[in-house]
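Peer 1: input_35.pdb is reproduced below (PDB, N, CA and C atoms).
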```pdb
ATOM      1  N   MET A   1      -3.395 -39.846  63.245
ATOM      2  CA  MET A   1      -2.439 -39.133  62.437
ATOM      3  C   MET A   1      -2.827 -39.194  60.963
ATOM      4  N   ASN A   2      -3.434 -40.264  60.598
ATOM      5  CA  ASN A   2      -3.844 -40.441  59.224
ATOM      6  C   ASN A   2      -4.947 -39.449  58.849
ATOM      7  N   ILE A   3      -5.875 -39.191  59.707
ATOM      8  CA  ILE A   3      -6.963 -38.249  59.470
ATOM      9  C   ILE A   3      -6.406 -36.833  59.349
ATOM     10  N   LEU A   4      -5.436 -36.508  60.163
ATOM     11  CA  LEU A   4      -4.839 -35.172  60.118
ATOM     12  C   LEU A   4      -4.161 -34.926  58.765
ATOM     13  N   SER A   5      -3.465 -35.919  58.230
ATOM     14  CA  SER A   5      -2.805 -35.746  56.937
ATOM     15  C   SER A   5      -3.839 -35.636  55.811
ATOM     16  N   ILE A   6      -4.963 -36.353  55.907
ATOM     17  CA  ILE A   6      -6.028 -36.257  54.905
ATOM     18  C   ILE A   6      -6.627 -34.861  54.924
ATOM     19  N   LEU A   7      -6.860 -34.314  56.103
ATOM     20  CA  LEU A   7      -7.398 -32.954  56.195
ATOM     21  C   LEU A   7      -6.410 -31.936  55.633
ATOM     22  N   PHE A   8      -5.110 -32.146  55.901
ATOM     23  CA  PHE A   8      -4.097 -31.230  55.388
ATOM     24  C   PHE A   8      -4.059 -31.274  53.860
ATOM     25  N   VAL A   9      -4.134 -32.467  53.268
ATOM     26  CA  VAL A   9      -4.090 -32.607  51.825
ATOM     27  C   VAL A   9      -5.344 -31.981  51.201
ATOM     28  N   GLN A  10      -6.485 -32.198  51.799
ATOM     29  CA  GLN A  10      -7.707 -31.613  51.281
ATOM     30  C   GLN A  10      -7.663 -30.098  51.391
ATOM     31  N   SER A  11      -7.168 -29.619  52.472
ATOM     32  CA  SER A  11      -7.073 -28.185  52.676
ATOM     33  C   SER A  11      -6.086 -27.577  51.679
ATOM     34  N   PHE A  12      -4.960 -28.239  51.487
ATOM     35  CA  PHE A  12      -3.958 -27.745  50.550
ATOM     36  C   PHE A  12      -4.493 -27.766  49.111
ATOM     37  N   THR A  13      -5.157 -28.830  48.728
ATOM     38  CA  THR A  13      -5.725 -28.935  47.392
ATOM     39  C   THR A  13      -6.792 -27.875  47.165
ATOM     40  N   GLY A  14      -7.636 -27.695  48.144
ATOM     41  CA  GLY A  14      -8.661 -26.665  48.048
ATOM     42  C   GLY A  14      -8.054 -25.281  47.903
ATOM     43  N   SER A  15      -7.008 -25.032  48.665
ATOM     44  CA  SER A  15      -6.332 -23.734  48.589
ATOM     45  C   SER A  15      -5.701 -23.528  47.212
ATOM     46  N   VAL A  16      -5.095 -24.558  46.677
ATOM     47  CA  VAL A  16      -4.468 -24.452  45.363
ATOM     48  C   VAL A  16      -5.523 -24.180  44.299
ATOM     49  N   ILE A  17      -6.639 -24.878  44.373
ATOM     50  CA  ILE A  17      -7.703 -24.665  43.397
ATOM     51  C   ILE A  17      -8.240 -23.246  43.481
ATOM     52  N   ILE A  18      -8.461 -22.766  44.680
ATOM     53  CA  ILE A  18      -8.964 -21.399  44.856
ATOM     54  C   ILE A  18      -7.947 -20.379  44.328
ATOM     55  N   ILE A  19      -6.671 -20.602  44.623
ATOM     56  CA  ILE A  19      -5.637 -19.673  44.159
ATOM     57  C   ILE A  19      -5.569 -19.667  42.638
ATOM     58  N   VAL A  20      -5.638 -20.841  42.012
ATOM     59  CA  VAL A  20      -5.581 -20.918  40.551
ATOM     60  C   VAL A  20      -6.797 -20.230  39.940
ATOM     61  N   LEU A  21      -7.969 -20.430  40.510
ATOM     62  CA  LEU A  21      -9.171 -19.765  40.004
ATOM     63  C   LEU A  21      -9.068 -18.249  40.136
ATOM     64  N   LEU A  22      -8.581 -17.778  41.281
ATOM     65  CA  LEU A  22      -8.425 -16.333  41.464
ATOM     66  C   LEU A  22      -7.410 -15.754  40.480
ATOM     67  N   LEU A  23      -6.323 -16.484  40.236
ATOM     68  CA  LEU A  23      -5.338 -16.021  39.251
ATOM     69  C   LEU A  23      -5.931 -15.979  37.844
ATOM     70  N   ALA A  24      -6.756 -16.959  37.515
ATOM     71  CA  ALA A  24      -7.394 -16.967  36.199
ATOM     72  C   ALA A  24      -8.344 -15.786  36.047
ATOM     73  N   VAL A  25      -9.115 -15.502  37.098
ATOM     74  CA  VAL A  25     -10.046 -14.373  37.051
ATOM     75  C   VAL A  25      -9.280 -13.060  36.926
ATOM     76  N   THR A  26      -8.198 -12.902  37.667
ATOM     77  CA  THR A  26      -7.423 -11.664  37.561
ATOM     78  C   THR A  26      -6.759 -11.547  36.187
ATOM     79  N   ALA A  27      -6.366 -12.671  35.594
ATOM     80  CA  ALA A  27      -5.787 -12.623  34.246
ATOM     81  C   ALA A  27      -6.831 -12.166  33.232
ATOM     82  N   VAL A  28      -8.061 -12.649  33.356
ATOM     83  CA  VAL A  28      -9.128 -12.237  32.446
ATOM     84  C   VAL A  28      -9.437 -10.756  32.623
ATOM     85  N   ILE A  29      -9.521 -10.319  33.878
ATOM     86  CA  ILE A  29      -9.780  -8.898  34.152
ATOM     87  C   ILE A  29      -8.645  -8.035  33.591
ATOM     88  N   GLY A  30      -7.398  -8.451  33.780
ATOM     89  CA  GLY A  30      -6.255  -7.706  33.255
ATOM     90  C   GLY A  30      -6.246  -7.663  31.741
ATOM     91  N   PHE A  31      -6.610  -8.778  31.112
ATOM     92  CA  PHE A  31      -6.653  -8.818  29.657
ATOM     93  C   PHE A  31      -7.670  -7.837  29.118
ATOM     94  N   PHE A  32      -8.891  -7.853  29.656
ATOM     95  CA  PHE A  32      -9.924  -6.946  29.164
ATOM     96  C   PHE A  32      -9.600  -5.489  29.474
ATOM     97  N   THR A  33      -9.003  -5.226  30.627
ATOM     98  CA  THR A  33      -8.600  -3.863  30.963
ATOM     99  C   THR A  33      -7.565  -3.350  29.953
ATOM    100  N   ALA A  34      -6.559  -4.173  29.667
ATOM    101  CA  ALA A  34      -5.529  -3.770  28.700
ATOM    102  C   ALA A  34      -6.117  -3.606  27.309
ATOM    103  N   TRP A  35      -7.048  -4.476  26.938
ATOM    104  CA  TRP A  35      -7.655  -4.401  25.609
ATOM    105  C   TRP A  35      -8.467  -3.121  25.453
ATOM    106  N   PHE A  36      -9.298  -2.795  26.456
ATOM    107  CA  PHE A  36     -10.083  -1.567  26.377
ATOM    108  C   PHE A  36      -9.191  -0.329  26.407
ATOM    109  N   TYR A  37      -8.149  -0.359  27.217
ATOM    110  CA  TYR A  37      -7.232   0.776  27.291
ATOM    111  C   TYR A  37      -6.531   0.998  25.959
ATOM    112  N   SER A  38      -5.990  -0.071  25.386
ATOM    113  CA  SER A  38      -5.287   0.084  24.110
ATOM    114  C   SER A  38      -6.246   0.474  22.998
ATOM    115  N   LYS A  39      -7.483  -0.019  23.070
ATOM    116  CA  LYS A  39      -8.474   0.351  22.060
ATOM    117  C   LYS A  39      -8.786   1.842  22.151
ATOM    118  N   SER A  40      -8.912   2.370  23.359
ATOM    119  CA  SER A  40      -9.233   3.789  23.513
ATOM    120  C   SER A  40      -8.053   4.677  23.127
ATOM    121  N   ILE A  41      -6.846   4.190  23.302
ATOM    122  CA  ILE A  41      -5.659   4.986  22.970
ATOM    123  C   ILE A  41      -5.377   4.934  21.469
ATOM    124  N   TYR A  42      -5.429   3.750  20.883
ATOM    125  CA  TYR A  42      -4.972   3.587  19.510
ATOM    126  C   TYR A  42      -6.047   3.786  18.449
ATOM    127  N   THR A  43      -7.316   3.784  18.808
ATOM    128  CA  THR A  43      -8.370   3.987  17.813
ATOM    129  C   THR A  43      -8.264   5.366  17.145
ATOM    130  N   PRO A  44      -8.101   6.464  17.887
ATOM    131  CA  PRO A  44      -7.948   7.766  17.206
ATOM    132  C   PRO A  44      -6.674   7.840  16.351
ATOM    133  N   ILE A  45      -5.609   7.206  16.814
ATOM    134  CA  ILE A  45      -4.359   7.231  16.062
ATOM    135  C   ILE A  45      -4.537   6.492  14.740
ATOM    136  N   VAL A  46      -5.198   5.335  14.790
ATOM    137  CA  VAL A  46      -5.425   4.555  13.574
ATOM    138  C   VAL A  46      -6.326   5.322  12.615
ATOM    139  N   LYS A  47      -7.344   6.001  13.146
ATOM    140  CA  LYS A  47      -8.242   6.776  12.293
ATOM    141  C   LYS A  47      -7.482   7.895  11.591
ATOM    142  N   ASN A  48      -6.623   8.593  12.322
ATOM    143  CA  ASN A  48      -5.822   9.659  11.708
ATOM    144  C   ASN A  48      -4.895   9.105  10.635
ATOM    145  N   LEU A  49      -4.293   7.948  10.902
ATOM    146  CA  LEU A  49      -3.404   7.349   9.911
ATOM    147  C   LEU A  49      -4.164   6.909   8.667
ATOM    148  N   GLU A  50      -5.383   6.403   8.842
ATOM    149  CA  GLU A  50      -6.185   6.026   7.679
ATOM    150  C   GLU A  50      -6.566   7.248   6.853
ATOM    151  N   ASP A  51      -6.919   8.347   7.522
ATOM    152  CA  ASP A  51      -7.232   9.581   6.793
ATOM    153  C   ASP A  51      -6.009  10.085   6.029
ATOM    154  N   GLU A  52      -4.855  10.045   6.679
ATOM    155  CA  GLU A  52      -3.620  10.482   6.034
ATOM    156  C   GLU A  52      -3.288   9.570   4.851
ATOM    157  N   ASN A  53      -3.584   8.281   4.997
ATOM    158  CA  ASN A  53      -3.343   7.332   3.913
ATOM    159  C   ASN A  53      -4.192   7.674   2.692
ATOM    160  N   VAL A  54      -5.437   8.063   2.916
ATOM    161  CA  VAL A  54      -6.318   8.442   1.800
ATOM    162  C   VAL A  54      -5.760   9.665   1.087
ATOM    163  N   VAL A  55      -5.328  10.661   1.865
ATOM    164  CA  VAL A  55      -4.768  11.880   1.271
ATOM    165  C   VAL A  55      -3.511  11.552   0.466
ATOM    166  N   LEU A  56      -2.655  10.710   1.023
ATOM    167  CA  LEU A  56      -1.422  10.362   0.324
ATOM    168  C   LEU A  56      -1.708   9.546  -0.938
ATOM    169  N   ASN A  57      -2.713   8.706  -0.897
ATOM    170  CA  ASN A  57      -3.062   7.943  -2.103
ATOM    171  C   ASN A  57      -3.573   8.849  -3.212
ATOM    172  N   THR A  58      -4.339   9.888  -2.864
ATOM    173  CA  THR A  58      -4.787  10.834  -3.892
ATOM    174  C   THR A  58      -3.601  11.616  -4.455
ATOM    175  N   GLU A  59      -2.650  11.964  -3.590
ATOM    176  CA  GLU A  59      -1.445  12.647  -4.068
ATOM    177  C   GLU A  59      -0.655  11.745  -5.010
ATOM    178  N   ILE A  60      -0.568  10.463  -4.681
ATOM    179  CA  ILE A  60       0.151   9.522  -5.534
ATOM    180  C   ILE A  60      -0.531   9.416  -6.888
ATOM    181  N   SER A  61      -1.857   9.377  -6.892
ATOM    182  CA  SER A  61      -2.588   9.315  -8.165
ATOM    183  C   SER A  61      -2.304  10.550  -9.007
ATOM    184  N   GLY A  62      -2.301  11.711  -8.371
ATOM    185  CA  GLY A  62      -1.996  12.946  -9.088
ATOM    186  C   GLY A  62      -0.587  12.943  -9.636
ATOM    187  N   LEU A  63       0.359  12.448  -8.848
ATOM    188  CA  LEU A  63       1.745  12.403  -9.312
ATOM    189  C   LEU A  63       1.921  11.404 -10.455
ATOM    190  N   LYS A  64       1.172  10.302 -10.426
ATOM    191  CA  LYS A  64       1.246   9.347 -11.539
ATOM    192  C   LYS A  64       0.703   9.983 -12.817
ATOM    193  N   ASN A  65      -0.384  10.746 -12.686
ATOM    194  CA  ASN A  65      -0.924  11.446 -13.852
ATOM    195  C   ASN A  65       0.075  12.469 -14.386
ATOM    196  N   ASP A  66       0.721  13.184 -13.474
ATOM    197  CA  ASP A  66       1.744  14.138 -13.892
ATOM    198  C   ASP A  66       2.890  13.428 -14.609
ATOM    199  N   ALA A  67       3.284  12.268 -14.113
ATOM    200  CA  ALA A  67       4.375  11.512 -14.745
ATOM    201  C   ALA A  67       3.980  11.076 -16.151
ATOM    202  N   VAL A  68       2.736  10.645 -16.327
ATOM    203  CA  VAL A  68       2.270  10.245 -17.655
ATOM    204  C   VAL A  68       2.281  11.449 -18.594
ATOM    205  N   ASN A  69       1.799  12.590 -18.113
ATOM    206  CA  ASN A  69       1.799  13.810 -18.943
ATOM    207  C   ASN A  69       3.211  14.236 -19.304
ATOM    208  N   LEU A  70       4.116  14.158 -18.337
ATOM    209  CA  LEU A  70       5.501  14.543 -18.614
ATOM    210  C   LEU A  70       6.172  13.574 -19.584
ATOM    211  N   ASN A  71       5.850  12.296 -19.472
ATOM    212  CA  ASN A  71       6.420  11.326 -20.422
ATOM    213  C   ASN A  71       5.923  11.591 -21.838
ATOM    214  N   SER A  72       4.654  11.950 -21.975
ATOM    215  CA  SER A  72       4.153  12.269 -23.324
ATOM    216  C   SER A  72       4.814  13.541 -23.841
ATOM    217  N   THR A  73       5.048  14.510 -22.991
ATOM    218  CA  THR A  73       5.749  15.737 -23.401
ATOM    219  C   THR A  73       7.176  15.414 -23.829
ATOM    220  N   ILE A  74       7.829  14.524 -23.082
ATOM    221  CA  ILE A  74       9.196  14.117 -23.430
ATOM    222  C   ILE A  74       9.214  13.430 -24.793
ATOM    223  N   ASP A  75       8.225  12.573 -25.035
ATOM    224  CA  ASP A  75       8.147  11.902 -26.340
ATOM    225  C   ASP A  75       7.972  12.915 -27.475
ATOM    226  N   LYS A  76       7.120  13.900 -27.259
ATOM    227  CA  LYS A  76       6.911  14.932 -28.282
ATOM    228  C   LYS A  76       8.196  15.713 -28.531
ATOM    229  N   LEU A  77       8.893  16.071 -27.458
ATOM    230  CA  LEU A  77      10.134  16.822 -27.608
ATOM    231  C   LEU A  77      11.213  15.977 -28.277
ATOM    232  N   ASN A  78      11.254  14.682 -27.976
ATOM    233  CA  ASN A  78      12.226  13.806 -28.647
ATOM    234  C   ASN A  78      11.921  13.706 -30.138
ATOM    235  N   ASP A  79      10.634  13.643 -30.480
ATOM    236  CA  ASP A  79      10.259  13.641 -31.903
ATOM    237  C   ASP A  79      10.690  14.947 -32.575
ATOM    238  N   LYS A  80      10.490  16.051 -31.869
ATOM    239  CA  LYS A  80      10.887  17.352 -32.406
ATOM    240  C   LYS A  80      12.394  17.402 -32.622
ATOM    241  N   ILE A  81      13.136  16.858 -31.661
ATOM    242  CA  ILE A  81      14.605  16.843 -31.777
ATOM    243  C   ILE A  81      15.031  16.013 -32.977
ATOM    244  N   SER A  82      14.421  14.855 -33.135
ATOM    245  CA  SER A  82      14.802  14.003 -34.278
ATOM    246  C   SER A  82      14.453  14.677 -35.602
ATOM    247  N   ASN A  83      13.318  15.382 -35.661
ATOM    248  CA  ASN A  83      12.957  16.121 -36.878
ATOM    249  C   ASN A  83      13.964  17.234 -37.169
ATOM    250  N   LEU A  84      14.360  17.955 -36.119
ATOM    251  CA  LEU A  84      15.347  19.019 -36.300
ATOM    252  C   LEU A  84      16.689  18.453 -36.730
ATOM    253  N   GLU A  85      17.076  17.301 -36.192
ATOM    254  CA  GLU A  85      18.330  16.684 -36.602
ATOM    255  C   GLU A  85      18.273  16.260 -38.065
ATOM    256  N   LYS A  86      17.101  15.777 -38.509
ATOM    257  CA  LYS A  86      16.933  15.406 -39.916
ATOM    258  C   LYS A  86      17.045  16.644 -40.802
ATOM    259  N   ASP A  87      16.437  17.761 -40.353
ATOM    260  CA  ASP A  87      16.513  19.007 -41.125
ATOM    261  C   ASP A  87      17.953  19.490 -41.224
ATOM    262  N   ILE A  88      18.686  19.382 -40.136
ATOM    263  CA  ILE A  88      20.089  19.807 -40.130
ATOM    264  C   ILE A  88      20.882  18.904 -41.067
ATOM    265  N   ALA A  89      20.622  17.609 -41.045
ATOM    266  CA  ALA A  89      21.329  16.681 -41.916
ATOM    267  C   ALA A  89      21.023  16.976 -43.374
ATOM    268  N   LYS A  90      19.790  17.347 -43.710
ATOM    269  CA  LYS A  90      19.431  17.693 -45.080
ATOM    270  C   LYS A  90      20.120  18.955 -45.534
ATOM    271  N   LYS A  91      20.221  19.943 -44.663
ATOM    272  CA  LYS A  91      20.839  21.225 -45.024
ATOM    273  C   LYS A  91      22.334  21.078 -45.206
ATOM    274  N   GLU A  92      22.959  20.165 -44.489
ATOM    275  CA  GLU A  92      24.396  19.958 -44.610
ATOM    276  C   GLU A  92      24.744  19.279 -45.934
ATOM    277  N   ASN A  93      23.835  18.495 -46.475
ATOM    278  CA  ASN A  93      24.114  17.791 -47.728
ATOM    279  C   ASN A  93      23.893  18.712 -48.850
TER     280      ASN A  93
END
```
Could I get this structure in the form of structure tokens?
Peer 2:
Amino acid sequence: MNILSILFVQSFTGSVIIIVLLLAVTAVIGFFTAWFYSKSIYTPIVKNLEDENVVLNTEISGLKNDAVNLNSTIDKLNDKISNLEKDIAKKEN
């Protein structure tokens, strides 16, 4: 009876080791399959987003330049307004 239990334990241990190894191999295969799949799906999307990002950054640069130009125009117009107010104040006196 003792020999039978030793064979059962060895058989059970061997089976557990084989099952764990097979599960590890399937996990590795599943990981690489998912990685390649997601890489093939998301690579074009990321490329399009990067291209769009470049276009938007150039637009932002243009808008910043426009803002600087408009601020200088506003400063000139404010100077003109203050000069006109001074002229009006002189004429009233």
Peer 1: Please compute the atom N of Glu52 of chain A-atom N of Asn65 of chain A distance, one decimal, in Å.
Peer 2: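 Going from atom N of Glu52 of chain A over to atom N of Asn65 of chain A covers 19.9 Å.
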Peer 1: Go ahead and fit an axis-aligned box to every listed atom of segment 60-75 of chain A plus 8 Å each side, and pass me the centre and edge lengths in Å, one decimal, as lines of an AutoDock Vina configuration file.
Peer 2:
```
center_x = 3.3
center_y = 12.5
center_z = -16.1
size_x = 27.8
size_y = 22.4
size_z = 38.8
```
Peer 1: Figure out the distance between atom C of Asp51 of chain A and atom CA of Lys39 of chain A, please, to one decimal in Å.
Peer 2: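 Atom C of Asp51 of chain A lies at a distance of 18.9 Å from atom CA of Lys39 of chain A.
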Peer 1: How many Å lie between atom CA of Ser82 of chain A and atom CA of Leu70 of chain A, rounded to one decimal?
Peer 2: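 Computing the Euclidean distance for atom CA of Ser82 of chain A and atom CA of Leu70 of chain A yields 18.2 Å.
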